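**Q** Got structure_25.cif for you, mmCIF, C-alpha atoms:
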data_work
loop_
_atom_site.label_atom_id
_atom_site.label_comp_id
_atom_site.auth_asym_id
_atom_site.auth_seq_id
_atom_site.Cartn_x
_atom_site.Cartn_y
_atom_site.Cartn_z
CA MET A 7 -17.92 48.16 -113.25
CA ASP A 8 -15.89 49.30 -110.23
CA THR A 9 -12.22 48.51 -110.95
CA THR A 10 -10.90 49.30 -107.47
CA ALA A 11 -9.46 46.27 -105.74
CA GLU A 12 -8.67 45.39 -102.16
CA PRO A 13 -5.27 43.75 -101.51
CA PRO A 14 -4.81 40.09 -102.52
CA PHE A 15 -6.49 37.36 -100.47
CA PRO A 16 -5.94 33.60 -99.96
CA VAL A 17 -8.31 30.73 -100.78
CA TRP A 18 -7.63 27.57 -98.75
CA GLN A 19 -7.94 24.39 -100.83
CA GLY A 20 -7.35 21.60 -98.34
CA PHE A 21 -4.60 19.30 -97.11
CA ARG A 22 -2.94 15.90 -97.03
CA HIS A 23 -1.97 14.27 -93.73
CA SER A 24 -0.28 10.95 -92.93
CA TRP A 25 1.40 9.19 -90.00
CA THR A 26 3.91 6.33 -90.27
CA TYR A 27 1.47 4.13 -88.29
CA ASN A 28 -2.12 4.65 -87.20
CA HIS A 29 -3.34 6.59 -84.16
CA ARG A 30 -6.23 7.95 -82.23
CA LEU A 31 -7.40 11.49 -82.97
CA ASN A 32 -5.48 13.59 -80.45
CA ARG A 33 -4.97 16.68 -82.61
CA LEU A 34 -5.26 17.36 -86.31
CA GLY A 35 -5.60 20.60 -88.20
CA ASP A 36 -4.62 22.58 -91.27
CA TRP A 37 -5.28 26.29 -91.80
CA LEU A 38 -4.04 29.60 -93.13
CA ALA A 39 -4.30 33.21 -91.99
CA THR A 40 -3.18 36.53 -93.44
CA THR A 41 -0.41 38.34 -91.57
CA ASP A 42 0.39 41.24 -93.94
CA ARG A 43 -2.28 42.36 -96.38
CA ALA A 44 -1.85 45.85 -97.85
CA GLY A 45 -1.65 47.41 -101.29
CA ASP A 46 -0.48 44.85 -103.84
CA ARG A 47 1.08 42.64 -101.15
CA LEU A 48 -0.03 39.56 -99.22
CA VAL A 49 1.82 37.40 -96.68
CA VAL A 50 0.11 34.36 -95.18
CA GLU A 51 0.93 32.08 -92.29
CA VAL A 52 0.17 28.46 -93.07
CA ALA A 53 0.01 25.88 -90.30
CA HIS A 54 -0.60 22.20 -89.70
CA ALA A 55 -1.24 20.54 -86.33
CA ALA A 56 -0.67 16.87 -85.52
CA ALA A 57 -0.59 14.91 -82.27
CA SER A 58 -0.95 11.17 -81.96
CA GLY A 59 -2.12 9.30 -78.89
CA THR A 60 0.57 7.86 -76.64
CA GLY A 61 2.96 6.71 -79.37
CA ARG A 62 5.87 8.68 -80.79
CA ASP A 63 5.53 9.25 -84.54
CA GLN A 64 6.15 11.54 -87.49
CA ALA A 65 3.38 13.35 -89.39
CA THR A 66 3.95 14.34 -93.02
CA PHE A 67 1.59 16.82 -94.59
CA GLN A 68 0.85 19.25 -97.43
CA GLY A 69 -1.42 22.27 -97.58
CA PHE A 70 -2.94 23.85 -100.71
CA ARG A 71 -4.16 27.33 -101.63
CA THR A 72 -4.60 29.92 -104.37
CA ILE A 73 -3.84 33.64 -103.96
CA ALA A 74 -6.20 35.99 -105.82
CA ARG A 75 -6.97 39.65 -106.30
CA ALA A 76 -10.19 40.89 -107.87
CA ALA A 77 -11.87 44.23 -108.49
CA GLY A 78 -15.09 44.92 -106.62
CA ILE A 79 -14.47 42.14 -104.07
CA SER A 80 -14.44 42.44 -100.27
CA TYR A 81 -12.59 39.80 -98.19
CA ARG A 82 -13.06 39.36 -94.43
CA GLU A 83 -11.24 36.71 -92.41
CA LEU A 84 -12.45 35.39 -89.06
CA TRP A 85 -12.30 32.41 -86.69
CA ARG A 86 -14.37 30.85 -83.93
CA SER A 87 -13.52 28.48 -81.07
CA ILE A 88 -16.04 25.69 -80.36
CA GLU A 89 -15.95 23.47 -77.28
CA ILE A 90 -17.32 19.98 -77.95
CA THR A 91 -18.24 17.68 -75.06
CA ALA A 92 -20.27 14.55 -75.66
CA THR A 93 -20.72 10.95 -74.68
CA GLU A 94 -18.54 8.54 -76.61
CA ALA A 95 -20.19 6.95 -79.65
CA ALA A 96 -22.76 9.76 -79.78
CA SER A 97 -22.56 12.39 -82.51
CA ARG A 98 -22.35 15.90 -81.09
CA ALA A 99 -23.67 18.61 -83.41
CA PHE A 100 -22.84 22.31 -83.18
CA VAL A 101 -23.99 25.57 -84.78
CA ARG A 102 -22.34 28.98 -84.44
CA GLU A 103 -23.88 32.06 -86.03
CA ILE A 104 -21.56 34.66 -87.52
CA ARG A 105 -22.79 38.23 -87.92
CA LEU A 106 -20.67 40.86 -89.66
CA ALA A 107 -21.67 44.44 -88.96
CA PRO A 108 -22.73 46.72 -91.81
CA ASP A 109 -19.48 48.67 -91.62
CA GLU A 110 -17.47 45.42 -92.10
CA VAL A 111 -18.98 44.65 -95.53
CA PRO A 112 -19.69 47.31 -98.19
CA ASP A 113 -23.41 48.02 -98.23
CA ASP A 114 -23.65 47.65 -102.02
CA CYS A 115 -22.52 44.01 -101.90
CA ASP A 116 -25.31 41.54 -102.66
CA ARG A 117 -23.34 38.38 -103.59
CA PHE A 118 -21.63 36.37 -100.86
CA ALA A 119 -19.60 33.22 -100.23
CA ALA A 120 -18.55 31.89 -96.82
CA ILE A 121 -15.57 29.58 -97.34
CA LEU A 122 -13.45 27.50 -95.00
CA SER A 123 -9.87 28.58 -94.36
CA GLY A 124 -9.06 25.51 -92.28
CA PHE A 125 -9.58 24.02 -88.83
CA ASP A 126 -7.74 22.75 -85.75
CA LEU A 127 -9.34 19.92 -83.75
CA CYS A 128 -7.59 19.25 -80.43
CA SER A 129 -8.48 16.89 -77.55
CA ALA A 130 -8.66 18.36 -74.07
CA THR A 131 -7.46 15.25 -72.24
CA ASP A 132 -8.13 11.76 -73.60
CA ALA A 133 -7.82 11.05 -77.31
CA ASP A 134 -10.40 8.77 -78.91
CA LYS A 135 -10.77 7.14 -82.30
CA LEU A 136 -12.58 8.91 -85.11
CA ALA A 137 -16.06 7.84 -86.22
CA SER A 138 -17.18 10.99 -88.05
CA PHE A 139 -16.33 14.66 -88.51
CA HIS A 140 -18.42 17.24 -90.35
CA LEU A 141 -17.69 20.94 -90.83
CA ALA A 142 -19.45 23.39 -93.13
CA THR A 143 -20.38 27.02 -93.69
CA SER A 144 -23.88 28.05 -94.73
CA GLN A 145 -24.80 30.44 -97.53
CA PRO A 146 -24.53 34.04 -96.20
CA ARG A 147 -27.39 36.51 -96.41
CA ARG A 148 -27.83 40.17 -95.53
CA ASP A 149 -30.23 40.81 -92.67
CA ALA A 150 -32.81 43.24 -94.02
CA THR A 151 -33.40 44.76 -90.59
CA THR A 152 -29.88 45.22 -89.23
CA GLY A 153 -27.87 45.31 -92.46
CA GLU A 154 -25.55 42.61 -91.06
CA VAL A 155 -24.24 39.76 -93.19
CA VAL A 156 -25.13 36.50 -91.47
CA PHE A 157 -24.04 32.88 -91.91
CA GLN A 158 -23.51 29.79 -89.77
CA ILE A 159 -20.67 27.41 -89.01
CA VAL A 160 -22.25 23.97 -88.59
CA GLY A 161 -20.89 20.51 -87.98
CA ALA A 162 -20.69 17.42 -85.81
CA LEU A 163 -18.07 15.19 -84.19
CA ASN A 164 -18.37 11.52 -83.20
CA VAL A 165 -15.48 9.73 -81.52
CA ASP A 166 -15.36 6.49 -79.56
CA CYS A 167 -12.85 4.06 -78.15
CA ASP A 168 -13.19 0.70 -76.47
CA SER A 169 -9.51 -0.12 -76.95
CA ALA A 170 -7.22 -0.55 -73.96
CA GLU A 171 -4.98 2.40 -74.81
CA CYS A 172 -7.66 5.09 -74.83
CA ASP A 173 -8.20 6.10 -71.23
CA ALA A 174 -5.96 4.40 -68.72
CA HIS A 175 -2.41 4.38 -70.06
CA ASP A 176 0.05 7.24 -70.57
CA SER A 177 2.33 5.37 -72.98
CA THR A 178 2.19 2.75 -75.72
CA GLY A 179 4.45 0.52 -73.67
CA GLY A 180 2.13 0.81 -70.67
CA MET A 181 -0.88 -0.11 -72.77
CA ILE A 182 0.84 -3.15 -74.28
CA ALA A 183 2.15 -4.26 -70.88
CA ALA A 184 -1.35 -4.05 -69.37
CA VAL A 185 -2.85 -6.20 -72.12
CA LEU A 186 -0.04 -8.73 -71.82
CA ALA A 187 -0.58 -8.80 -68.05
CA GLY A 188 -4.24 -9.45 -68.68
CA ALA A 189 -3.28 -12.29 -70.98
CA ALA A 190 -1.11 -13.82 -68.25
CA ALA A 191 -3.88 -13.49 -65.67
CA GLY A 192 -6.34 -15.08 -68.02
CA SER A 193 -3.97 -17.97 -68.63
CA ASN A 194 -3.82 -18.63 -64.88
CA LEU A 195 -7.61 -18.82 -64.90
CA GLY A 196 -7.55 -21.34 -67.73
CA LEU A 197 -8.72 -18.79 -70.33
CA PRO A 198 -7.07 -18.12 -73.71
CA GLY A 199 -4.50 -15.45 -72.87
CA LEU A 200 -5.13 -13.08 -75.79
CA VAL A 201 -8.88 -13.17 -75.22
CA ALA A 202 -8.46 -12.37 -71.52
CA GLY A 203 -6.06 -9.55 -72.30
CA ALA A 204 -8.51 -8.00 -74.76
CA VAL A 205 -11.37 -8.32 -72.27
CA PHE A 206 -9.36 -6.75 -69.44
CA GLY A 207 -8.21 -3.96 -71.73
CA ALA A 208 -11.66 -3.21 -73.07
CA LEU A 209 -13.62 -3.50 -69.83
CA PHE A 210 -11.46 -2.82 -66.79
CA THR A 211 -9.46 0.12 -68.12
CA LYS A 212 -12.48 1.97 -69.47
CA LEU A 213 -12.44 4.89 -67.03
CA ASP A 214 -13.98 7.73 -69.03
CA ILE A 215 -16.92 7.69 -71.44
CA THR A 216 -16.95 11.38 -72.33
CA THR A 217 -15.00 13.24 -75.00
CA ASP A 218 -13.75 16.80 -74.84
CA TYR A 219 -12.36 18.55 -77.90
CA THR A 220 -11.75 22.15 -78.89
CA LEU A 221 -12.38 23.01 -82.53
CA GLN A 222 -10.88 26.18 -83.96
CA VAL A 223 -12.60 27.05 -87.23
CA ARG A 224 -11.13 29.55 -89.67
CA CYS A 225 -13.27 30.90 -92.47
CA ALA A 226 -13.62 33.91 -94.75
CA LEU A 227 -16.43 35.95 -96.21
CA ILE A 228 -16.07 36.98 -99.85
CA ALA A 229 -18.53 39.64 -100.95
CA GLY A 230 -19.21 41.39 -104.22
CA ARG A 231 -21.94 42.52 -106.58
CA ALA A 232 -23.72 40.75 -109.40
CA GLU A 233 -21.22 42.06 -111.94
CA THR A 234 -18.08 41.26 -109.86
CA LEU A 235 -18.82 37.91 -108.18
CA CYS A 236 -20.72 34.75 -109.01
CA VAL A 237 -20.91 31.76 -106.63
CA THR A 238 -21.91 28.28 -107.82
CA GLY A 239 -22.10 25.28 -105.52
CA HIS A 240 -20.66 21.84 -106.29
CA SER A 241 -20.01 18.67 -104.27
CA ALA A 242 -18.43 15.24 -104.58
CA GLN A 243 -18.15 12.05 -102.55
CA ARG A 244 -15.99 8.93 -102.37
CA LEU A 245 -17.40 5.79 -100.72
CA TYR A 246 -15.21 2.70 -100.51
CA GLY A 247 -14.26 -0.21 -98.29
CA TRP A 248 -11.15 -2.27 -97.60
CA ASP A 249 -9.99 -5.41 -95.83
CA THR A 250 -6.82 -6.29 -93.92
CA ARG A 251 -4.96 -7.74 -96.91
CA ARG A 252 -5.09 -5.41 -99.91
CA VAL A 253 -3.47 -1.98 -99.56
CA ILE A 254 -5.61 0.96 -100.72
CA THR A 255 -4.03 4.15 -102.11
CA ARG A 256 -4.98 7.76 -102.68
CA ARG A 257 -4.52 7.33 -106.42
CA ASN A 258 -6.84 4.33 -106.77
CA GLU A 259 -9.49 4.82 -104.10
CA GLY A 260 -9.17 8.43 -103.02
CA THR A 261 -8.95 10.62 -106.12
CA ILE A 262 -11.65 11.89 -108.47
CA ARG A 263 -9.88 12.86 -111.69
CA ASP A 264 -10.97 15.73 -113.91
CA PHE A 265 -13.91 16.82 -111.79
CA GLN A 266 -15.83 19.42 -113.80
CA MET A 267 -17.17 22.59 -112.18
CA THR A 268 -19.13 25.06 -114.26
CA GLY A 269 -20.37 28.50 -113.31
CA ASP A 270 -22.16 31.35 -115.03
CA ASP A 271 -21.46 31.46 -118.76
CA ALA A 272 -21.36 35.24 -119.17
CA PRO A 273 -18.27 36.35 -121.11
CA HIS A 274 -17.03 38.95 -118.60
CA TRP A 275 -15.85 36.36 -116.04
CA CYS A 276 -12.09 36.02 -116.40
CA LEU A 277 -11.10 33.92 -113.37
CA CYS A 278 -12.72 31.13 -111.38
CA ILE A 279 -11.33 29.46 -108.25
CA PRO A 280 -12.77 26.53 -106.30
CA ALA A 281 -13.08 27.05 -102.54
CA ILE A 282 -14.08 24.56 -99.84
CA THR A 283 -17.33 25.04 -97.94
CA GLN A 284 -17.78 21.59 -96.39
CA LEU A 285 -15.62 18.70 -95.14
CA SER A 286 -17.25 15.43 -94.08
CA LEU A 287 -15.63 12.14 -93.11
CA GLU A 288 -17.38 9.03 -91.78
CA VAL A 289 -15.52 5.81 -91.05
CA THR A 290 -16.80 2.46 -89.79
CA ARG A 291 -14.68 -0.44 -88.62
CA ASN A 292 -15.97 -3.95 -89.09
CA ARG A 293 -17.02 -5.11 -85.63
CA GLY A 294 -15.52 -8.02 -83.75
CA ILE A 295 -16.74 -10.01 -80.74
CA LEU A 296 -14.35 -8.16 -78.43
CA ARG A 297 -14.23 -4.96 -80.49
CA PRO A 298 -17.69 -3.43 -80.29
CA ASP A 299 -16.81 0.13 -81.28
CA THR A 300 -16.84 1.05 -84.96
CA ALA A 301 -14.56 4.09 -84.65
CA MET A 302 -11.16 3.69 -86.27
CA HIS A 303 -7.50 4.59 -85.84
CA LEU A 304 -6.27 7.11 -88.42
CA LEU A 305 -3.23 6.62 -90.64
CA GLU A 306 -3.94 9.04 -93.49
CA TRP A 307 -6.56 11.68 -94.26
CA ASP A 308 -6.64 13.81 -97.44
CA MET A 309 -9.24 16.49 -98.22
CA ALA A 310 -8.23 18.74 -101.11
CA VAL A 311 -9.31 20.32 -104.38
CA ARG A 312 -6.41 20.56 -106.85
CA PRO A 313 -7.21 22.77 -109.89
CA VAL A 314 -5.79 21.44 -113.15
CA SER A 315 -7.18 23.84 -115.76
CA SER A 316 -9.53 26.80 -115.75
CA ASP A 317 -10.94 29.72 -117.67
CA GLY A 318 -13.40 32.29 -116.37
CA ARG A 319 -16.46 30.06 -116.62
CA ARG A 320 -15.36 26.54 -115.74
CA CYS A 321 -12.70 24.71 -113.80
CA THR A 322 -11.34 21.17 -113.97
CA ALA A 323 -9.80 19.82 -110.77
CA ASP A 324 -8.61 16.64 -109.14
CA LEU A 325 -10.33 15.98 -105.82
CA GLU A 326 -8.42 14.10 -103.13
CA LEU A 327 -10.92 12.47 -100.76
CA PHE A 328 -9.06 9.74 -98.94
CA PHE A 329 -8.88 7.97 -95.60
CA ARG A 330 -7.02 4.83 -94.70
CA ASN A 331 -6.45 2.91 -91.52
CA TRP A 332 -3.34 0.86 -92.34
CA GLN A 333 -0.46 0.41 -94.75
CA ALA A 334 1.93 -2.43 -95.46
CA GLN A 335 5.18 -0.49 -94.94
CA PRO A 336 6.74 -0.95 -91.50
CA SER A 337 7.13 2.09 -89.25
CA SER A 338 10.54 2.68 -87.71
CA PHE A 339 8.86 4.84 -85.05
CA LEU A 340 6.57 2.00 -83.99
CA ASP A 341 9.33 -0.60 -84.14
CA ALA A 342 11.55 1.47 -81.85
CA GLN A 343 8.83 1.53 -79.18
CA ILE A 344 8.19 -2.21 -79.08
CA ASP A 345 11.76 -3.51 -79.38
CA VAL A 346 11.63 -4.37 -75.69
CA PHE A 347 9.81 -7.57 -76.66
CA GLU A 348 12.08 -8.46 -79.60
CA PRO A 349 14.06 -11.24 -77.79
CA ILE A 350 10.76 -13.09 -77.16
CA GLU A 351 9.35 -13.57 -80.65
CA PRO A 352 5.74 -14.47 -79.68
CA LEU A 353 5.50 -11.39 -77.44
CA ASP A 354 7.12 -9.22 -80.11
CA ASP A 355 4.59 -10.40 -82.72
CA LEU A 356 1.73 -9.88 -80.29
CA SER A 357 2.87 -6.38 -79.31
CA GLN A 358 3.12 -5.37 -82.98
CA ALA A 359 -0.38 -6.70 -83.64
CA ILE A 360 -1.78 -4.78 -80.67
CA ALA A 361 -0.06 -1.51 -81.60
CA SER A 362 -0.61 -1.46 -85.38
CA HIS A 363 -4.45 -1.68 -85.35
CA ARG A 364 -4.95 -3.08 -88.86
CA ASP A 365 -8.72 -3.02 -89.37
CA ALA A 366 -11.17 -3.66 -92.19
CA GLY A 367 -13.94 -1.15 -92.77
CA TRP A 368 -15.25 1.56 -95.05
CA ALA A 369 -15.12 5.34 -95.42
CA SER A 370 -17.40 8.03 -96.81
CA VAL A 371 -15.52 11.22 -97.72
CA PHE A 372 -17.52 14.25 -98.89
CA ILE A 373 -16.47 17.73 -99.98
CA GLY A 374 -18.61 20.79 -100.65
CA LEU A 375 -17.26 23.46 -102.98
CA SER A 376 -18.08 26.95 -104.18
CA LEU A 377 -16.82 27.94 -107.60
CA LEU A 378 -15.95 31.64 -107.24
CA GLN A 379 -16.08 33.62 -110.50
CA PHE A 380 -14.46 37.03 -110.70
CA ALA A 381 -14.51 39.70 -113.40
CA ALA A 382 -11.35 41.87 -113.35
CA ALA A 383 -9.02 39.52 -111.48
CA ASP A 384 -5.65 37.80 -111.33
CA ALA A 385 -4.21 34.95 -109.27
CA VAL A 386 -1.02 33.24 -108.13
CA GLY A 387 -1.23 29.49 -107.89
CA PRO A 388 -2.50 26.94 -107.18
CA ASP A 389 0.26 26.92 -104.57
CA GLY A 390 1.14 24.81 -101.57
CA TRP A 391 3.64 23.77 -98.95
CA SER A 392 4.85 20.51 -97.46
CA ALA A 393 6.59 19.68 -94.18
CA SER A 394 6.67 17.19 -91.33
CA LEU A 395 6.83 17.16 -87.56
CA VAL A 396 7.72 14.57 -84.95
CA TRP A 397 5.32 14.11 -82.07
CA ASP A 398 6.95 12.60 -78.96
CA GLY A 399 3.76 11.24 -77.39
CA GLN A 400 4.20 9.68 -73.94
CA GLY A 401 1.72 11.95 -72.21
CA ALA A 402 2.70 15.22 -73.95
CA SER A 403 -0.06 17.80 -74.22
CA ALA A 404 -1.65 18.06 -77.65
CA LYS A 405 -2.24 21.74 -76.90
CA SER A 406 1.49 22.52 -76.95
CA GLU A 407 3.24 24.32 -79.81
CA SER A 408 5.31 21.17 -80.38
CA ALA A 409 2.20 19.80 -82.10
CA VAL A 410 2.13 22.65 -84.67
CA ARG A 411 4.34 23.47 -87.64
CA ARG A 412 3.98 27.01 -89.01
CA ALA A 413 5.49 28.72 -92.03
CA ARG A 414 5.43 32.22 -93.49
CA GLN A 415 4.54 32.20 -97.20
CA GLY A 416 5.01 35.15 -99.49
CA PRO A 417 5.10 37.98 -100.07
CA TYR A 418 2.74 37.61 -103.00
CA ASP A 419 2.56 40.75 -105.14
CA ILE A 420 -0.43 41.09 -107.46
CA PRO A 421 -0.99 44.47 -109.18
CA SER A 422 -4.51 45.82 -109.25
CA PRO A 423 -6.30 44.02 -112.13
CA THR A 424 -7.61 46.31 -114.85
CA ALA A 425 -8.56 43.97 -117.68
CA CYS A 426 -10.48 40.76 -118.06
CA GLU A 427 -8.71 38.86 -120.82
CA PRO A 428 -6.12 36.58 -119.20
CA PRO A 429 -5.33 33.37 -121.07
CA PRO A 430 -6.71 30.14 -119.61
CA PHE A 431 -4.20 28.32 -117.43
CA ASP A 432 -3.29 24.68 -117.64
CA ARG A 433 -1.42 23.27 -114.69
CA THR A 434 -1.36 19.62 -115.67
CA VAL A 435 2.32 19.62 -114.72
CA LEU A 436 1.28 20.21 -111.11
CA ARG A 437 -0.87 17.09 -111.23
CA ILE A 438 2.03 15.04 -112.57
CA ALA A 439 4.31 16.33 -109.81
CA ALA A 440 1.71 15.56 -107.16
CA ASP A 441 1.22 12.04 -108.48
CA LEU A 442 4.90 11.31 -108.07
CA GLY A 443 4.26 11.44 -104.34
CA ASN A 444 1.27 9.06 -104.69
#
As structure tokens, what does this structure read like?

**A**
Amino acid sequence: MDTTAEPPFPVWQGFRHSWTYNHRLNRLGDWLATTDRAGDRLVVEVAHAAASGTGRDQATFQGFRTIARAAGISYRELWRSIEITATEAASRAFVREIRLAPDEVPDDCDRFAAILSGFDLCSATDADKLASFHLATSQPRRDATTGEVVFQIVGALNVDCDSAECDAHDSTGGMIAAVLAGAAAGSNLGLPGLVAGAVFGALFTKLDITTDYTLQVRCALIAGRAETLCVTGHSAQRLYGWDTRRVITRRNEGTIRDFQMTGDDAPHWCLCIPAITQLSLEVTRNRGILRPDTAMHLLEWDMAVRPVSSDGRRCTADLELFFRNWQAQPSSFLDAQIDVFEPIEPLDDLSQAIASHRDAGWASVFIGLSLLQFAAADAVGPDGWSASLVWDGQGASAKSESAVRRARQGPYDIPSPTACEPPPFDRTVLRIAADLGN
């Protein structure tokens, strides 16, 4: 077996994201990229993007990864930009073919894995509510004619919004004021004020029925030979619903404990690492008479694989597959934006109800995984980072750098592996630490 090894490489393992109150999908992303990869050394840049709709808020997030080095393995990192334009409430699918030239992948490699290294989904102008998001990489193959290694990035996006704040208002205060004005006008016509306000908001401020997003997809090709790399597919799903009374949590509804992944049972595999190949989220809000859209405001979204224990042939991990629309804790960011109505208690209560968007519904969260088995190999991690950023809202561009938090991680130094007898690891302590943060 060839014992030469390229420099270390990162494996992205997902993220956690939460706001202090719920929002439309203006920008959300989590990714990593190598910045210094040579010899025994690796430095990565990790990043998270978050922009709400019109409201000012704070996003808190975590990103997860493992750093590995393996003999006989080739690692190639790449990204693609995808423009998505579609009619609201209609799923827009996309496919992008990736072709790596023969001189980019060693010609003796015949085992491949295309894994996700993250994404960045950003609205061009108006932000809508999320109905579904799918992103996946296909199984690579070598083109027998050209010698290229070929795979696809595939996915779909569905967003919609019939709420008053989506298209016509540049601030939360403006949206609330318009609905309250509609309520007053309706009262003069002898109609129930709240009903009239909702109708005016949903019908007369609906100026745009198209959605425009840019999706940056980061992925990596891992290539090897039959004796240096084995790739085994796995997947998992969480499907659950909620109402507007009982709070759901990541621990109870969004975590699959001790998920078992097995690979090839040959004794020469000394390290296995789970990598993400597909992310899928579908949400549906329970409809109301004046709320026809089923898309939903986003409070929290978690998509992660958290290894707990592993040897060379199997891995046990906790999977975090969680979405929620509302929480019981008050948001100081939201409260600060609606204090203008505080002296008039009925208006204050109404403005909070309009802005908090507590909805009942259900979510389907799916993750696709590849269990990567290596022969002569070593790893650092699982590892991660956590941070937060404040988004000012009020018409700010989601494309600005103020919507992104970046960090340099490393250097990671992993000597060239020469043997295949590392002890199994057990990182149960990492699970305990993660649980302390719910």

**Q** Which of these, A:Arg312, A:His140, A:Arg231, A:Arg224, has the shortest distance to Pro112 in chain A once you count only C-alpha atoms?

**A**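 Closest residue, counting only C-alpha atoms: A:Arg231.
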
**Q** When you look at range 59-76 of chain A with a cut-off of 7 Å (counting all atoms listed in the file), what residues show up, excluding the ones that are within fewer than 5 positions of it in the same chain? I need them as a PyMOL selection string.

**A** chain A and resi 11+13-26+29-30+32+133+176-178+339+380+382-401+420+423

**Q** Would you export the selected residues with C-alpha atoms as a short mmCIF file (atom, residue, chain, number, x, y, z; two decimals), in the coordinates of the input, please?

**A**
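The file below, selection15.cif, is the result:
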data_model
loop_
_atom_site.label_atom_id
_atom_site.label_comp_id
_atom_site.auth_asym_id
_atom_site.auth_seq_id
_atom_site.Cartn_x
_atom_site.Cartn_y
_atom_site.Cartn_z
CA ALA A 11 -9.46 46.27 -105.74
CA PRO A 13 -5.27 43.75 -101.51
CA PRO A 14 -4.81 40.09 -102.52
CA PHE A 15 -6.49 37.36 -100.47
CA PRO A 16 -5.94 33.60 -99.96
CA VAL A 17 -8.31 30.73 -100.78
CA TRP A 18 -7.63 27.57 -98.75
CA GLN A 19 -7.94 24.39 -100.83
CA GLY A 20 -7.35 21.60 -98.34
CA PHE A 21 -4.60 19.30 -97.11
CA ARG A 22 -2.94 15.90 -97.03
CA HIS A 23 -1.97 14.27 -93.73
CA SER A 24 -0.28 10.95 -92.93
CA TRP A 25 1.40 9.19 -90.00
CA THR A 26 3.91 6.33 -90.27
CA HIS A 29 -3.34 6.59 -84.16
CA ARG A 30 -6.23 7.95 -82.23
CA ASN A 32 -5.48 13.59 -80.45
CA ALA A 133 -7.82 11.05 -77.31
CA ASP A 176 0.05 7.24 -70.57
CA SER A 177 2.33 5.37 -72.98
CA THR A 178 2.19 2.75 -75.72
CA PHE A 339 8.86 4.84 -85.05
CA PHE A 380 -14.46 37.03 -110.70
CA ALA A 382 -11.35 41.87 -113.35
CA ALA A 383 -9.02 39.52 -111.48
CA ASP A 384 -5.65 37.80 -111.33
CA ALA A 385 -4.21 34.95 -109.27
CA VAL A 386 -1.02 33.24 -108.13
CA GLY A 387 -1.23 29.49 -107.89
CA PRO A 388 -2.50 26.94 -107.18
CA ASP A 389 0.26 26.92 -104.57
CA GLY A 390 1.14 24.81 -101.57
CA TRP A 391 3.64 23.77 -98.95
CA SER A 392 4.85 20.51 -97.46
CA ALA A 393 6.59 19.68 -94.18
CA SER A 394 6.67 17.19 -91.33
CA LEU A 395 6.83 17.16 -87.56
CA VAL A 396 7.72 14.57 -84.95
CA TRP A 397 5.32 14.11 -82.07
CA ASP A 398 6.95 12.60 -78.96
CA GLY A 399 3.76 11.24 -77.39
CA GLN A 400 4.20 9.68 -73.94
CA GLY A 401 1.72 11.95 -72.21
CA ILE A 420 -0.43 41.09 -107.46
CA PRO A 423 -6.30 44.02 -112.13
#

**Q** Distance CA of Ile79 in chain A-CA of Asp317 in chain A, one decimal place?

**A**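 For CA of Ile79 in chain A relative to CA of Asp317 in chain A, the distance reads 18.8 Å.
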
**Q** Which is closer to Ile159 in chain A than all the others in A:Ala366, A:Leu287, A:Ile121, A:Val111, using all atoms listed in the file?

**A**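 Of A:Ala366, A:Leu287, A:Ile121, A:Val111, the one nearest Ile159 in chain A, counting all atoms listed in the file, is A:Ile121.
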
**Q** I need the residue nearest Leu106 in chain A from this list: A:Trp332, A:Tyr418, A:Phe157, A:Phe118. Use all atoms listed in the file for the distance.

**A**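 Checking each of A:Trp332, A:Tyr418, A:Phe157, A:Phe118 against Leu106 in chain A, counting all atoms listed in the file, the winner is A:Phe157.
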
**Q** Kindly resolve the PyMOL selection byres ((chain A and resi 108) around 10) on the present coordinates and return the residues as a list in words.

**A** Arg105, Leu106, Ala107, Asp109, Glu110, Val111, Pro112, Asp113, Arg148, Asp149, Thr152, Gly153, Glu154 and Val155 of chain A

**Q** Starting from the displayed file, determine the output of the PyMOL selection byres ((chain A and resi 258) around 12) and express the residue list as a VMD selection string.

**A** chain A and resid 244 246 253 to 257 259 to 263 326 to 329 441 444

**Q** Rank A:Ser144, A:Thr234, A:Asn164, A:Thr250 by their smallest atom-to-atom distance to Gly374 in chain A, using only C-alpha atoms, and report the top residue only.

**A**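 That would be A:Ser144, the residue with the smallest distance to Gly374 in chain A.
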
**Q** Please, which residues are within 8 Å of (-29.2, 39.1, -105.0) by the file's coordinates, counting all atoms listed in the file, and could they come as a ChimeraX atom specification?

**A** /A:116-117,232

**Q** For CA of Pro280 in chain A and CA of Trp307 in chain A, determine how far apart the two atoms are, in Å to one decimal place.

**A** 20.1 Å

**Q** Quick one: residues within 9 Å of Ser403 in chain A, only C-alpha atoms, excluding same-chain residues fewer than 4 positions away - as a list of chain:residue names?

**A** A:Ala57, A:Ala130, A:Thr131, A:Gly399, A:Ser408, A:Ala409

**Q** Can you write out the residues you just picked, keeping C-alpha atoms, as an mmCIF file, in the coordinates of the input?

**A**
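Below is the file part-v2.cif, written as the result:
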data_model
loop_
_atom_site.group_PDB
_atom_site.id
_atom_site.type_symbol
_atom_site.label_atom_id
_atom_site.label_comp_id
_atom_site.auth_asym_id
_atom_site.auth_seq_id
_atom_site.Cartn_x
_atom_site.Cartn_y
_atom_site.Cartn_z
ATOM 1 C CA ALA A 57 -0.590 14.910 -82.270
ATOM 2 C CA ALA A 130 -8.660 18.360 -74.070
ATOM 3 C CA THR A 131 -7.460 15.250 -72.240
ATOM 4 C CA GLY A 399 3.760 11.240 -77.390
ATOM 5 C CA SER A 408 5.310 21.170 -80.380
ATOM 6 C CA ALA A 409 2.200 19.800 -82.100
#
